[in-house]
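> Take a look at this one; I'll ask things after.
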Amino acid sequence: MQKILVSGGAGFIGSHTVLELLSAGYKVIVFDNLSNSNRESLERVQKLSGRTIEFHKIDLLDKESLGKLFRDQRFDAVIHFAGLKAVGESVEKPLLYYQNNVAGTLNLCECMIEAGLKQLVFSSSATVYGDPESSPIPEENPLKAVNPYGATKLIIENILRDLYQSDPEWKIALLRYFNPVGAHESGEIGEDPNGIPNNLMPFVTQVAVGQREKLRVFGNDYPTKDGTGVRDYIHVKDLAKGHLKALEKISGEKGLHVYNLGTGSGSSVIEVINAFEKATGLKIPYEITERRPGDAATCFADVSKAKRELGWSTEKDLYDMCRDAWNWQQKNPDGYPH
Ligand code: NAD
Ligand code: UDP
């Protein structure tokens, strides 16, 4: 049985991926500093899967404890989710982001080298495409960071590329996620944002549950189908499954492989509201406001490479994403118990 070490496995995407890994028969060891998550997510994953998860509360920046984890047991691969991800916070506290995400990843890579382990799947982001000139965006598109969070993703991608150049024994997958939303269909695990959500879908579900009065739609004068911003929303379960495909790919093939993980089609904010209303039977009050600074008009993926090379494509549509996000929100109006 392959042993996979998952950093940040208690978080939103990590917990869904851990569940898929367990269901596929992998043994899973998670470490997380719980700075943006809760142990309860993994308790629930254990219940859903009927399997146990070995958990270590370790910070990426604590190289001593991280090194010990790698000395105490052998892993077959690492999936690296751990990182801070709030764009606005990264503008206010850039050094925190460079320290946590970049220095943290350096620590992880150094521990892997000491342990002789060279298989890594990394959570990158469509943010590395900056303000894309056109969509669908292929992996070869020029890359550009437009905020410190994005810069950390780009720097880490470059570090991993250099690492592979220095030692072609490495097997690395850089997965560029588009807009992960939704939740496991059980409603037991989902996204549990801190404070006021920045992202569209958790904001919509909080309006629906009555925690917020109305949604603000950031601009309706973009050059898009209805003037509102267009994004490639991907169900977190489809995204999680993409990680298993990436693991299979790198276990058989050395190299540095880059994949977009999205659906390949874009939805506007108005389309998300309509899909949510259809999936739930609820009305989402909204008002049109100013554009949010830094927002691209349109961003959706060219997913042909992942389809061709990983045999992966998404199965769930926007309706499923809205239904499952709402199911999670309804069952857990305040997120995980704290
Ligand atoms: P999340 O915050 O729910 O999960 C990240 C996890 O990492 C959390 O459990 C947090 O406690 C942990 N963590 C953070 N810093 C750590 C550290 N120093 N040491 C140990 N653990 C640490 O976020 P998520 O949405 O699940 O995102 C997972 C990864 O995917 C992140 O790297 C994120 O940047 C990337 N990503 C997310 C999105 C998105 O929209 N959710 C999009 C693109 C890429
Ligand atoms: N958006 C919005 N109101 C909100 C949050 C987001 O209108 O409260 C819009 C945003 O302008 C963008 C889309 O919804 O067009 C997706 O935003 P999100 O922050 O979820 O993802 P990102 O912009 O980072 O891709």
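Chain labels run A, B, ... following the order of the structure tokens; each chain numbers its residues from 1, and ligands are numbered from 1 in the order shown.
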Report the closest atom pair, with its distance in Å rounded to one decimal, for each residue of chain A that has an atom no farther than 7 Å from ligand 1; count only C-alpha atoms and all ligand atoms, sort by chain and then rising residue number, and write it as CSV.


```
residue,atom,partner,partner_atom_place_in_ligand_line,distance
A:Ser7,CA,ligand 1,21 (N),6.3
A:Gly8,CA,ligand 1,7 (O),3.5
A:Gly9,CA,ligand 1,9 (O),6.0
A:Ala10,CA,ligand 1,9 (O),4.5
A:Gly11,CA,ligand 1,3 (O),3.3
A:Phe12,CA,ligand 1,26 (O),3.6
A:Ile13,CA,ligand 1,26 (O),3.7
A:Gly14,CA,ligand 1,26 (O),5.3
A:Phe31,CA,ligand 1,20 (C),6.5
A:Asp32,CA,ligand 1,21 (N),3.7
A:Asn33,CA,ligand 1,20 (C),4.1
A:Leu34,CA,ligand 1,11 (O),3.7
A:Ser35,CA,ligand 1,11 (O),3.9
A:Asn36,CA,ligand 1,11 (O),3.8
A:Ser37,CA,ligand 1,9 (O),4.3
A:Ile58,CA,ligand 1,20 (C),5.8
A:Asp59,CA,ligand 1,19 (N),3.5
A:Leu60,CA,ligand 1,19 (N),3.9
A:Leu61,CA,ligand 1,18 (N),5.7
A:Phe81,CA,ligand 1,29 (C),4.1
A:Ala82,CA,ligand 1,7 (O),3.3
A:Gly83,CA,ligand 1,14 (C),3.9
A:Leu84,CA,ligand 1,14 (C),5.0
A:Lys85,CA,ligand 1,34 (O),4.4
A:Asn100,CA,ligand 1,18 (N),5.1
A:Asn101,CA,ligand 1,18 (N),6.9
A:Gly104,CA,ligand 1,18 (N),6.1
A:Ser123,CA,ligand 1,30 (O),4.8
A:Ser124,CA,ligand 1,44 (C),5.2
A:Ser125,CA,ligand 1,43 (C),4.0
A:Ala126,CA,ligand 1,43 (C),6.5
A:Arg176,CA,ligand 1,43 (C),6.7
A:Tyr177,CA,ligand 1,43 (C),4.7
A:Phe178,CA,ligand 1,42 (C),6.0
A:Asn179,CA,ligand 1,40 (O),5.2
A:Pro180,CA,ligand 1,40 (O),5.2
A:Glu191,CA,ligand 1,3 (O),6.9
```

> For the alpha helix (DSSP H) assignment from backbone DSSP, which residues of stretch 80-274 of chain A qualify? Please present them as a ChimeraX atom specification.

/A:87-92,94-97,104-115,148-166,200-208,236-252,269-274

> Within 10 Å of A:Ser134, counting only C-alpha atoms, which residues qualify if same-chain residues fewer than 4 places away don't, as a list in words?

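Those residues are Pro138, Asn141, Ala297, Thr298, Cys299 and Phe300 of chain A.
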
> May I have the selected residues written with C-alpha atoms, as a PDB file, in the first residue's frame?


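Written out: again_25.pdb:
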```
ATOM      1  CA  PRO A 138      -3.141  26.758 -22.001  1.00  0.00           C
ATOM      2  CA  ASN A 141       0.642  30.885 -21.409  1.00  0.00           C
ATOM      3  CA  ALA A 297     -12.719  39.907 -16.709  1.00  0.00           C
ATOM      4  CA  THR A 298     -12.459  36.307 -17.825  1.00  0.00           C
ATOM      5  CA  CYS A 299     -10.372  33.350 -16.735  1.00  0.00           C
ATOM      6  CA  PHE A 300     -11.003  29.761 -17.728  1.00  0.00           C
TER       7      PHE A 300
END
```

> For ligand 2, which residue out of A:Leu143, A:Val230, A:Leu21, A:Leu247 is the nearest one, using only C-alpha atoms and all ligand atoms?

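The closest residue to ligand 2 is A:Val230.
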
> What's around A:Ile284 at 8 Å? Count only C-alpha atoms, leave out sequence neighbours fewer than 4 positions away in its own chain, and write the answer as a VMD selection string.

chain A and resid 204 207 to 208 214 to 215 273 277

> Can those selected residues be exported to a file as a CSV table (one decimal), in the first residue's frame so that it contains N, CA and C atoms?


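Generated output (out20.csv):
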```csv
chain,number,residue,atom,x,y,z
A,204,VAL,N,-22.0,33.5,-1.4
A,204,VAL,CA,-23.4,33.2,-1.8
A,204,VAL,C,-24.1,32.3,-0.8
A,207,VAL,N,-25.1,34.2,2.3
A,207,VAL,CA,-26.3,35.0,2.1
A,207,VAL,C,-27.5,34.1,2.1
A,208,ALA,N,-27.4,33.0,1.5
A,208,ALA,CA,-28.5,32.0,1.4
A,208,ALA,C,-28.9,31.6,2.8
A,214,LYS,N,-26.8,40.6,1.6
A,214,LYS,CA,-26.9,40.5,0.2
A,214,LYS,C,-25.5,40.4,-0.4
A,215,LEU,N,-25.5,39.8,-1.6
A,215,LEU,CA,-24.2,39.7,-2.3
A,215,LEU,C,-23.9,41.0,-3.1
A,273,ILE,N,-25.2,32.8,-9.7
A,273,ILE,CA,-26.4,33.2,-8.9
A,273,ILE,C,-27.6,32.4,-9.4
A,277,GLU,N,-29.7,29.5,-7.4
A,277,GLU,CA,-31.1,29.7,-7.1
A,277,GLU,C,-31.9,28.4,-7.6
```
